[in-house]
file entry.cif (mmCIF, N, CA and C atoms)
data_work
#
loop_
_atom_site.label_atom_id
_atom_site.label_comp_id
_atom_site.auth_asym_id
_atom_site.auth_seq_id
_atom_site.Cartn_x
_atom_site.Cartn_y
_atom_site.Cartn_z
N MET V 1 -80.42 191.83 -26.56
CA MET V 1 -80.13 190.44 -26.83
C MET V 1 -80.59 190.04 -28.24
N ARG V 2 -81.75 190.55 -28.63
CA ARG V 2 -82.27 190.23 -29.96
C ARG V 2 -81.34 190.78 -31.04
N THR V 3 -80.81 191.96 -30.83
CA THR V 3 -79.90 192.56 -31.80
C THR V 3 -78.65 191.72 -31.96
N LEU V 4 -78.11 191.23 -30.86
CA LEU V 4 -76.91 190.41 -30.90
C LEU V 4 -77.16 189.11 -31.67
N VAL V 5 -78.30 188.49 -31.43
CA VAL V 5 -78.62 187.24 -32.12
C VAL V 5 -78.74 187.48 -33.63
N PHE V 6 -79.43 188.54 -34.01
CA PHE V 6 -79.57 188.84 -35.43
C PHE V 6 -78.23 189.16 -36.08
N MET V 7 -77.38 189.87 -35.37
CA MET V 7 -76.06 190.19 -35.92
C MET V 7 -75.21 188.94 -36.07
N LEU V 8 -75.25 188.05 -35.08
CA LEU V 8 -74.48 186.80 -35.17
C LEU V 8 -75.00 185.91 -36.30
N LEU V 9 -76.31 185.84 -36.47
CA LEU V 9 -76.87 185.08 -37.58
C LEU V 9 -76.42 185.66 -38.92
N GLY V 10 -76.43 186.98 -39.02
CA GLY V 10 -75.97 187.62 -40.25
C GLY V 10 -74.51 187.36 -40.53
N MET V 11 -73.69 187.38 -39.48
CA MET V 11 -72.27 187.09 -39.66
C MET V 11 -72.03 185.65 -40.09
N MET V 12 -72.79 184.73 -39.51
CA MET V 12 -72.64 183.32 -39.90
C MET V 12 -73.08 183.10 -41.34
N LEU V 13 -74.16 183.72 -41.73
CA LEU V 13 -74.61 183.59 -43.12
C LEU V 13 -73.61 184.22 -44.09
N GLY V 14 -72.97 185.31 -43.69
CA GLY V 14 -71.94 185.91 -44.52
C GLY V 14 -70.74 185.00 -44.70
N ALA V 15 -70.34 184.33 -43.64
CA ALA V 15 -69.21 183.40 -43.73
C ALA V 15 -69.55 182.19 -44.60
N VAL V 16 -70.77 181.69 -44.47
CA VAL V 16 -71.19 180.56 -45.31
C VAL V 16 -71.25 180.98 -46.77
N MET V 17 -71.74 182.17 -47.03
CA MET V 17 -71.80 182.65 -48.41
C MET V 17 -70.40 182.83 -49.00
N SER V 18 -69.43 183.15 -48.16
CA SER V 18 -68.05 183.25 -48.62
C SER V 18 -67.54 181.90 -49.08
N LEU V 19 -67.85 180.84 -48.32
CA LEU V 19 -67.43 179.49 -48.72
C LEU V 19 -68.13 179.06 -50.01
N VAL V 20 -69.40 179.39 -50.14
CA VAL V 20 -70.14 179.05 -51.36
C VAL V 20 -69.56 179.79 -52.55
N LEU V 21 -69.24 181.05 -52.37
CA LEU V 21 -68.64 181.83 -53.45
C LEU V 21 -67.29 181.26 -53.86
N ALA V 22 -66.48 180.89 -52.89
CA ALA V 22 -65.16 180.32 -53.20
C ALA V 22 -65.30 178.98 -53.93
N ALA V 23 -66.23 178.15 -53.49
CA ALA V 23 -66.42 176.86 -54.15
C ALA V 23 -66.94 177.05 -55.57
N ALA V 24 -67.82 178.00 -55.76
CA ALA V 24 -68.35 178.26 -57.10
C ALA V 24 -67.27 178.85 -58.01
N LEU V 25 -66.31 179.54 -57.44
CA LEU V 25 -65.25 180.15 -58.24
C LEU V 25 -64.14 179.17 -58.59
N VAL V 26 -63.84 178.24 -57.69
CA VAL V 26 -62.69 177.34 -57.88
C VAL V 26 -62.91 176.37 -59.04
N PHE V 27 -64.11 175.84 -59.18
CA PHE V 27 -64.32 174.79 -60.16
C PHE V 27 -64.30 175.28 -61.61
N PRO V 28 -64.92 176.41 -61.99
CA PRO V 28 -64.83 176.84 -63.39
C PRO V 28 -63.56 177.63 -63.72
N LEU V 29 -62.76 177.98 -62.72
CA LEU V 29 -61.57 178.78 -62.95
C LEU V 29 -60.56 178.14 -63.91
N PRO V 30 -60.26 176.84 -63.79
CA PRO V 30 -59.31 176.24 -64.74
C PRO V 30 -59.82 176.26 -66.18
N LEU V 31 -61.12 176.21 -66.36
CA LEU V 31 -61.67 176.26 -67.71
C LEU V 31 -61.51 177.65 -68.34
N ILE V 32 -61.61 178.66 -67.52
CA ILE V 32 -61.55 180.04 -68.02
C ILE V 32 -60.12 180.52 -68.19
N THR V 33 -59.30 180.36 -67.14
CA THR V 33 -57.95 180.94 -67.16
C THR V 33 -56.85 179.93 -67.40
N GLY V 34 -57.11 178.66 -67.15
CA GLY V 34 -56.06 177.67 -67.26
C GLY V 34 -55.26 177.53 -65.98
N PHE V 35 -55.45 178.44 -65.03
CA PHE V 35 -54.76 178.38 -63.75
C PHE V 35 -55.64 177.67 -62.75
N GLY V 36 -55.07 176.83 -61.93
CA GLY V 36 -55.82 176.13 -60.91
C GLY V 36 -56.19 174.72 -61.30
N GLY V 37 -55.45 174.14 -62.22
CA GLY V 37 -55.76 172.79 -62.66
C GLY V 37 -55.40 171.72 -61.66
N ASP V 38 -54.36 171.94 -60.86
CA ASP V 38 -53.99 170.91 -59.88
C ASP V 38 -54.59 171.23 -58.51
N ARG V 39 -54.52 170.26 -57.63
CA ARG V 39 -55.15 170.40 -56.33
C ARG V 39 -54.51 171.46 -55.44
N ALA V 40 -53.22 171.58 -55.53
CA ALA V 40 -52.52 172.54 -54.66
C ALA V 40 -52.91 173.98 -54.99
N SER V 41 -52.94 174.30 -56.28
CA SER V 41 -53.30 175.68 -56.63
C SER V 41 -54.78 175.95 -56.39
N GLN V 42 -55.63 174.93 -56.48
CA GLN V 42 -57.04 175.13 -56.13
C GLN V 42 -57.19 175.44 -54.65
N GLY V 43 -56.40 174.79 -53.83
CA GLY V 43 -56.44 175.07 -52.40
C GLY V 43 -55.97 176.47 -52.08
N VAL V 44 -54.95 176.93 -52.78
CA VAL V 44 -54.45 178.29 -52.57
C VAL V 44 -55.51 179.31 -52.99
N ILE V 45 -56.13 179.08 -54.13
CA ILE V 45 -57.17 180.00 -54.60
C ILE V 45 -58.34 180.02 -53.64
N LEU V 46 -58.77 178.84 -53.19
CA LEU V 46 -59.87 178.75 -52.25
C LEU V 46 -59.56 179.49 -50.97
N THR V 47 -58.36 179.32 -50.45
CA THR V 47 -57.96 179.99 -49.21
C THR V 47 -57.92 181.50 -49.39
N LEU V 48 -57.39 181.97 -50.49
CA LEU V 48 -57.32 183.42 -50.73
C LEU V 48 -58.71 184.04 -50.87
N VAL V 49 -59.58 183.37 -51.60
CA VAL V 49 -60.92 183.91 -51.78
C VAL V 49 -61.67 183.96 -50.46
N VAL V 50 -61.57 182.91 -49.67
CA VAL V 50 -62.25 182.89 -48.37
C VAL V 50 -61.64 183.93 -47.43
N ALA V 51 -60.33 184.06 -47.45
CA ALA V 51 -59.67 185.02 -46.56
C ALA V 51 -60.06 186.46 -46.88
N VAL V 52 -60.34 186.75 -48.14
CA VAL V 52 -60.70 188.11 -48.52
C VAL V 52 -62.20 188.36 -48.34
N THR V 53 -63.02 187.41 -48.75
CA THR V 53 -64.46 187.67 -48.76
C THR V 53 -65.15 187.40 -47.44
N ALA V 54 -64.64 186.51 -46.60
CA ALA V 54 -65.34 186.16 -45.35
C ALA V 54 -65.51 187.36 -44.41
N PRO V 55 -64.48 188.16 -44.16
CA PRO V 55 -64.70 189.31 -43.27
C PRO V 55 -65.66 190.34 -43.87
N VAL V 56 -65.55 190.55 -45.17
CA VAL V 56 -66.40 191.54 -45.82
C VAL V 56 -67.87 191.10 -45.78
N LEU V 57 -68.13 189.86 -46.18
CA LEU V 57 -69.50 189.37 -46.19
C LEU V 57 -70.05 189.21 -44.77
N SER V 58 -69.21 188.91 -43.81
CA SER V 58 -69.67 188.82 -42.42
C SER V 58 -70.07 190.19 -41.89
N LEU V 59 -69.31 191.21 -42.21
CA LEU V 59 -69.69 192.56 -41.78
C LEU V 59 -70.96 193.03 -42.46
N ILE V 60 -71.13 192.70 -43.72
CA ILE V 60 -72.36 193.05 -44.42
C ILE V 60 -73.54 192.32 -43.78
N GLY V 61 -73.36 191.04 -43.47
CA GLY V 61 -74.41 190.27 -42.80
C GLY V 61 -74.74 190.82 -41.43
N ALA V 62 -73.74 191.25 -40.69
CA ALA V 62 -73.99 191.84 -39.37
C ALA V 62 -74.75 193.15 -39.49
N ALA V 63 -74.42 193.95 -40.49
CA ALA V 63 -75.14 195.21 -40.70
C ALA V 63 -76.59 194.95 -41.07
N ILE V 64 -76.82 193.95 -41.90
CA ILE V 64 -78.19 193.62 -42.28
C ILE V 64 -78.95 193.08 -41.06
N GLY V 65 -78.31 192.23 -40.27
CA GLY V 65 -78.93 191.72 -39.06
C GLY V 65 -79.23 192.82 -38.06
N PHE V 66 -78.36 193.79 -37.96
CA PHE V 66 -78.61 194.92 -37.06
C PHE V 66 -79.83 195.72 -37.49
N ARG V 67 -79.94 195.96 -38.81
CA ARG V 67 -81.08 196.72 -39.31
C ARG V 67 -82.38 195.93 -39.16
N LYS V 68 -82.32 194.60 -39.33
CA LYS V 68 -83.54 193.79 -39.22
C LYS V 68 -84.02 193.69 -37.76
N SER V 69 -83.13 193.84 -36.81
CA SER V 69 -83.53 193.73 -35.42
C SER V 69 -84.22 194.99 -34.92
N ARG V 70 -84.09 196.05 -35.62
CA ARG V 70 -84.69 197.33 -35.20
C ARG V 70 -86.11 197.46 -35.66
#

call {"tool": "encode", "arguments": {"input": "entry.cif", "output": "structure tokens"}}
result
Amino acid sequence: MRTLVFMLLGMMLGAVMSLVLAAALVFPLPLITGFGGDRASQGVILTLVVAVTAPVLSLIGAAIGFRKSR
């Protein structure tokens, strides 16, 4: 049971970090590339970044939670 709780906490933290990463990337992106100046393209970028990074960071968080429970 302890292992499951730690893995779920790690997965939740990974998903939250994905949202933080996407938010941190969306705002300076128009200054750097010029792409993403309007609201629609910012939403597309945000969705793509979260869709790619959330599963990866969640699995990394679960692996860390699994190791911490042992």

call {"tool": "resolve_selection", "arguments": {"input": "entry.cif", "expression": "the PyMOL selection byres ((chain V and resi 53-68) around 6.5)", "output": "mmCIF file with N, CA and C atoms, keeping the file's coordinate frame"}}
result
data_model
loop_
_atom_site.group_PDB
_atom_site.id
_atom_site.type_symbol
_atom_site.label_atom_id
_atom_site.label_comp_id
_atom_site.auth_asym_id
_atom_site.auth_seq_id
_atom_site.Cartn_x
_atom_site.Cartn_y
_atom_site.Cartn_z
ATOM 1 N N THR V 3 -80.810 191.960 -30.830
ATOM 2 C CA THR V 3 -79.900 192.560 -31.800
ATOM 3 C C THR V 3 -78.650 191.720 -31.960
ATOM 4 N N PHE V 6 -79.430 188.540 -34.010
ATOM 5 C CA PHE V 6 -79.570 188.840 -35.430
ATOM 6 C C PHE V 6 -78.230 189.160 -36.080
ATOM 7 N N MET V 7 -77.380 189.870 -35.370
ATOM 8 C CA MET V 7 -76.060 190.190 -35.920
ATOM 9 C C MET V 7 -75.210 188.940 -36.070
ATOM 10 N N LEU V 8 -75.250 188.050 -35.080
ATOM 11 C CA LEU V 8 -74.480 186.800 -35.170
ATOM 12 C C LEU V 8 -75.000 185.910 -36.300
ATOM 13 N N LEU V 9 -76.310 185.840 -36.470
ATOM 14 C CA LEU V 9 -76.870 185.080 -37.580
ATOM 15 C C LEU V 9 -76.420 185.660 -38.920
ATOM 16 N N GLY V 10 -76.430 186.980 -39.020
ATOM 17 C CA GLY V 10 -75.970 187.620 -40.250
ATOM 18 C C GLY V 10 -74.510 187.360 -40.530
ATOM 19 N N MET V 11 -73.690 187.380 -39.480
ATOM 20 C CA MET V 11 -72.270 187.090 -39.660
ATOM 21 C C MET V 11 -72.030 185.650 -40.090
ATOM 22 N N MET V 12 -72.790 184.730 -39.510
ATOM 23 C CA MET V 12 -72.640 183.320 -39.900
ATOM 24 C C MET V 12 -73.080 183.100 -41.340
ATOM 25 N N LEU V 13 -74.160 183.720 -41.730
ATOM 26 C CA LEU V 13 -74.610 183.590 -43.120
ATOM 27 C C LEU V 13 -73.610 184.220 -44.090
ATOM 28 N N GLY V 14 -72.970 185.310 -43.690
ATOM 29 C CA GLY V 14 -71.940 185.910 -44.520
ATOM 30 C C GLY V 14 -70.740 185.000 -44.700
ATOM 31 N N ALA V 15 -70.340 184.330 -43.640
ATOM 32 C CA ALA V 15 -69.210 183.400 -43.730
ATOM 33 C C ALA V 15 -69.550 182.190 -44.600
ATOM 34 N N SER V 18 -69.430 183.150 -48.160
ATOM 35 C CA SER V 18 -68.050 183.250 -48.620
ATOM 36 C C SER V 18 -67.540 181.900 -49.080
ATOM 37 N N LEU V 48 -57.390 181.970 -50.490
ATOM 38 C CA LEU V 48 -57.320 183.420 -50.730
ATOM 39 C C LEU V 48 -58.710 184.040 -50.870
ATOM 40 N N VAL V 49 -59.580 183.370 -51.600
ATOM 41 C CA VAL V 49 -60.920 183.910 -51.780
ATOM 42 C C VAL V 49 -61.670 183.960 -50.460
ATOM 43 N N VAL V 50 -61.570 182.910 -49.670
ATOM 44 C CA VAL V 50 -62.250 182.890 -48.370
ATOM 45 C C VAL V 50 -61.640 183.930 -47.430
ATOM 46 N N ALA V 51 -60.330 184.060 -47.450
ATOM 47 C CA ALA V 51 -59.670 185.020 -46.560
ATOM 48 C C ALA V 51 -60.060 186.460 -46.880
ATOM 49 N N VAL V 52 -60.340 186.750 -48.140
ATOM 50 C CA VAL V 52 -60.700 188.110 -48.520
ATOM 51 C C VAL V 52 -62.200 188.360 -48.340
ATOM 52 N N SER V 69 -83.130 193.840 -36.810
ATOM 53 C CA SER V 69 -83.530 193.730 -35.420
ATOM 54 C C SER V 69 -84.220 194.990 -34.920
ATOM 55 N N ARG V 70 -84.090 196.050 -35.620
ATOM 56 C CA ARG V 70 -84.690 197.330 -35.200
ATOM 57 C C ARG V 70 -86.110 197.460 -35.660
#

call {"tool": "residues_around", "arguments": {"input": "entry.cif", "residues": "region 21-32 of chain V", "least_positions_apart": "3", "cutoff": "6.5 Å", "atoms": "all atoms listed in the file", "output": "VMD selection string"}}
result
chain V and resid 16 to 18 35 to 37 42 46 49 to 50

call {"tool": "atom_distance", "arguments": {"input": "entry.cif", "atom1": "atom C of Gly34 (chain V)", "atom2": "atom N of Leu19 (chain V)"}}
result
21.9 Å

call {"tool": "axis_aligned_box", "arguments": {"input": "entry.cif", "around": "region 4-20 of chain V", "padding_each_side": "5 Å", "output": "JSON"}}
result
{"center_x": -73.5, "center_y": 185.1, "center_z": -41.7, "size_x": 22.1, "size_y": 22.2, "size_z": 31.7}

call {"tool": "atom_distance", "arguments": {"input": "entry.cif", "atom1": "atom N of Val5 (chain V)", "atom2": "CA of Thr47 (chain V)"}}
result
28.3 Å

call {"tool": "atom_distance", "arguments": {"input": "entry.cif", "atom1": "CA of Thr33 (chain V)", "atom2": "CA of Ile45 (chain V)"}}
result
12.6 Å

call {"tool": "build_atoms", "arguments": {"input": "entry.cif", "residues": "region 1-12 of chain V", "atoms": "all heavy atoms", "output": "PDB file, in the coordinates of the input"}}
result
ATOM      1  N   MET V   1     -80.420 191.830 -26.560  1.00  0.00           N
ATOM      2  CA  MET V   1     -80.130 190.440 -26.830  1.00  0.00           C
ATOM      3  C   MET V   1     -80.590 190.040 -28.240  1.00  0.00           C
ATOM      4  O   MET V   1     -79.893 189.297 -28.924  1.00  0.00           O
ATOM      5  CB  MET V   1     -80.836 189.597 -25.755  1.00  0.00           C
ATOM      6  CG  MET V   1     -80.511 188.147 -25.849  1.00  0.00           C
ATOM      7  SD  MET V   1     -78.794 187.919 -25.398  1.00  0.00           S
ATOM      8  CE  MET V   1     -78.678 186.182 -25.407  1.00  0.00           C
ATOM      9  N   ARG V   2     -81.750 190.550 -28.630  1.00  0.00           N
ATOM     10  CA  ARG V   2     -82.270 190.230 -29.960  1.00  0.00           C
ATOM     11  C   ARG V   2     -81.340 190.780 -31.040  1.00  0.00           C
ATOM     12  O   ARG V   2     -81.098 190.121 -32.046  1.00  0.00           O
ATOM     13  CB  ARG V   2     -83.673 190.827 -30.087  1.00  0.00           C
ATOM     14  CG  ARG V   2     -84.313 190.547 -31.391  1.00  0.00           C
ATOM     15  CD  ARG V   2     -85.704 191.111 -31.438  1.00  0.00           C
ATOM     16  NE  ARG V   2     -86.286 190.835 -32.735  1.00  0.00           N
ATOM     17  CZ  ARG V   2     -87.155 191.591 -33.323  1.00  0.00           C
ATOM     18  NH1 ARG V   2     -87.583 192.682 -32.722  1.00  0.00           N
ATOM     19  NH2 ARG V   2     -87.625 191.270 -34.499  1.00  0.00           N
ATOM     20  N   THR V   3     -80.810 191.960 -30.830  1.00  0.00           N
ATOM     21  CA  THR V   3     -79.900 192.560 -31.800  1.00  0.00           C
ATOM     22  C   THR V   3     -78.650 191.720 -31.960  1.00  0.00           C
ATOM     23  O   THR V   3     -78.201 191.483 -33.084  1.00  0.00           O
ATOM     24  CB  THR V   3     -79.516 193.986 -31.332  1.00  0.00           C
ATOM     25  OG1 THR V   3     -80.696 194.750 -31.152  1.00  0.00           O
ATOM     26  CG2 THR V   3     -78.632 194.661 -32.348  1.00  0.00           C
ATOM     27  N   LEU V   4     -78.110 191.230 -30.860  1.00  0.00           N
ATOM     28  CA  LEU V   4     -76.910 190.410 -30.900  1.00  0.00           C
ATOM     29  C   LEU V   4     -77.160 189.110 -31.670  1.00  0.00           C
ATOM     30  O   LEU V   4     -76.325 188.687 -32.488  1.00  0.00           O
ATOM     31  CB  LEU V   4     -76.427 190.104 -29.488  1.00  0.00           C
ATOM     32  CG  LEU V   4     -75.186 189.232 -29.364  1.00  0.00           C
ATOM     33  CD1 LEU V   4     -73.994 189.946 -29.980  1.00  0.00           C
ATOM     34  CD2 LEU V   4     -74.911 188.891 -27.927  1.00  0.00           C
ATOM     35  N   VAL V   5     -78.300 188.490 -31.430  1.00  0.00           N
ATOM     36  CA  VAL V   5     -78.620 187.240 -32.120  1.00  0.00           C
ATOM     37  C   VAL V   5     -78.740 187.480 -33.630  1.00  0.00           C
ATOM     38  O   VAL V   5     -78.211 186.710 -34.429  1.00  0.00           O
ATOM     39  CB  VAL V   5     -79.924 186.630 -31.545  1.00  0.00           C
ATOM     40  CG1 VAL V   5     -80.419 185.485 -32.408  1.00  0.00           C
ATOM     41  CG2 VAL V   5     -79.692 186.160 -30.124  1.00  0.00           C
ATOM     42  N   PHE V   6     -79.430 188.540 -34.010  1.00  0.00           N
ATOM     43  CA  PHE V   6     -79.570 188.840 -35.430  1.00  0.00           C
ATOM     44  C   PHE V   6     -78.230 189.160 -36.080  1.00  0.00           C
ATOM     45  O   PHE V   6     -77.966 188.757 -37.213  1.00  0.00           O
ATOM     46  CB  PHE V   6     -80.553 190.003 -35.646  1.00  0.00           C
ATOM     47  CG  PHE V   6     -81.981 189.576 -35.715  1.00  0.00           C
ATOM     48  CD1 PHE V   6     -82.775 189.582 -34.588  1.00  0.00           C
ATOM     49  CD2 PHE V   6     -82.531 189.168 -36.915  1.00  0.00           C
ATOM     50  CE1 PHE V   6     -84.093 189.190 -34.645  1.00  0.00           C
ATOM     51  CE2 PHE V   6     -83.857 188.774 -36.993  1.00  0.00           C
ATOM     52  CZ  PHE V   6     -84.642 188.782 -35.859  1.00  0.00           C
ATOM     53  N   MET V   7     -77.380 189.870 -35.370  1.00  0.00           N
ATOM     54  CA  MET V   7     -76.060 190.190 -35.920  1.00  0.00           C
ATOM     55  C   MET V   7     -75.210 188.940 -36.070  1.00  0.00           C
ATOM     56  O   MET V   7     -74.517 188.763 -37.073  1.00  0.00           O
ATOM     57  CB  MET V   7     -75.353 191.227 -35.042  1.00  0.00           C
ATOM     58  CG  MET V   7     -75.946 192.617 -35.171  1.00  0.00           C
ATOM     59  SD  MET V   7     -75.137 193.822 -34.123  1.00  0.00           S
ATOM     60  CE  MET V   7     -73.532 193.926 -34.873  1.00  0.00           C
ATOM     61  N   LEU V   8     -75.250 188.050 -35.080  1.00  0.00           N
ATOM     62  CA  LEU V   8     -74.480 186.800 -35.170  1.00  0.00           C
ATOM     63  C   LEU V   8     -75.000 185.910 -36.300  1.00  0.00           C
ATOM     64  O   LEU V   8     -74.203 185.284 -37.017  1.00  0.00           O
ATOM     65  CB  LEU V   8     -74.515 186.058 -33.843  1.00  0.00           C
ATOM     66  CG  LEU V   8     -73.697 186.682 -32.717  1.00  0.00           C
ATOM     67  CD1 LEU V   8     -73.919 185.919 -31.416  1.00  0.00           C
ATOM     68  CD2 LEU V   8     -72.233 186.717 -33.072  1.00  0.00           C
ATOM     69  N   LEU V   9     -76.310 185.840 -36.470  1.00  0.00           N
ATOM     70  CA  LEU V   9     -76.870 185.080 -37.580  1.00  0.00           C
ATOM     71  C   LEU V   9     -76.420 185.660 -38.920  1.00  0.00           C
ATOM     72  O   LEU V   9     -76.086 184.934 -39.851  1.00  0.00           O
ATOM     73  CB  LEU V   9     -78.391 185.047 -37.495  1.00  0.00           C
ATOM     74  CG  LEU V   9     -78.978 184.089 -36.472  1.00  0.00           C
ATOM     75  CD1 LEU V   9     -80.482 184.281 -36.377  1.00  0.00           C
ATOM     76  CD2 LEU V   9     -78.645 182.667 -36.820  1.00  0.00           C
ATOM     77  N   GLY V  10     -76.430 186.980 -39.020  1.00  0.00           N
ATOM     78  CA  GLY V  10     -75.970 187.620 -40.250  1.00  0.00           C
ATOM     79  C   GLY V  10     -74.510 187.360 -40.530  1.00  0.00           C
ATOM     80  O   GLY V  10     -74.110 187.121 -41.672  1.00  0.00           O
ATOM     81  N   MET V  11     -73.690 187.380 -39.480  1.00  0.00           N
ATOM     82  CA  MET V  11     -72.270 187.090 -39.660  1.00  0.00           C
ATOM     83  C   MET V  11     -72.030 185.650 -40.090  1.00  0.00           C
ATOM     84  O   MET V  11     -71.189 185.376 -40.948  1.00  0.00           O
ATOM     85  CB  MET V  11     -71.505 187.399 -38.377  1.00  0.00           C
ATOM     86  CG  MET V  11     -71.415 188.864 -38.066  1.00  0.00           C
ATOM     87  SD  MET V  11     -70.580 189.201 -36.531  1.00  0.00           S
ATOM     88  CE  MET V  11     -68.894 188.895 -37.014  1.00  0.00           C
ATOM     89  N   MET V  12     -72.790 184.730 -39.510  1.00  0.00           N
ATOM     90  CA  MET V  12     -72.640 183.320 -39.900  1.00  0.00           C
ATOM     91  C   MET V  12     -73.080 183.100 -41.340  1.00  0.00           C
ATOM     92  O   MET V  12     -72.426 182.374 -42.098  1.00  0.00           O
ATOM     93  CB  MET V  12     -73.440 182.427 -38.943  1.00  0.00           C
ATOM     94  CG  MET V  12     -72.774 182.295 -37.606  1.00  0.00           C
ATOM     95  SD  MET V  12     -73.631 181.336 -36.342  1.00  0.00           S
ATOM     96  CE  MET V  12     -74.717 180.282 -37.187  1.00  0.00           C
TER      97      MET V  12
END
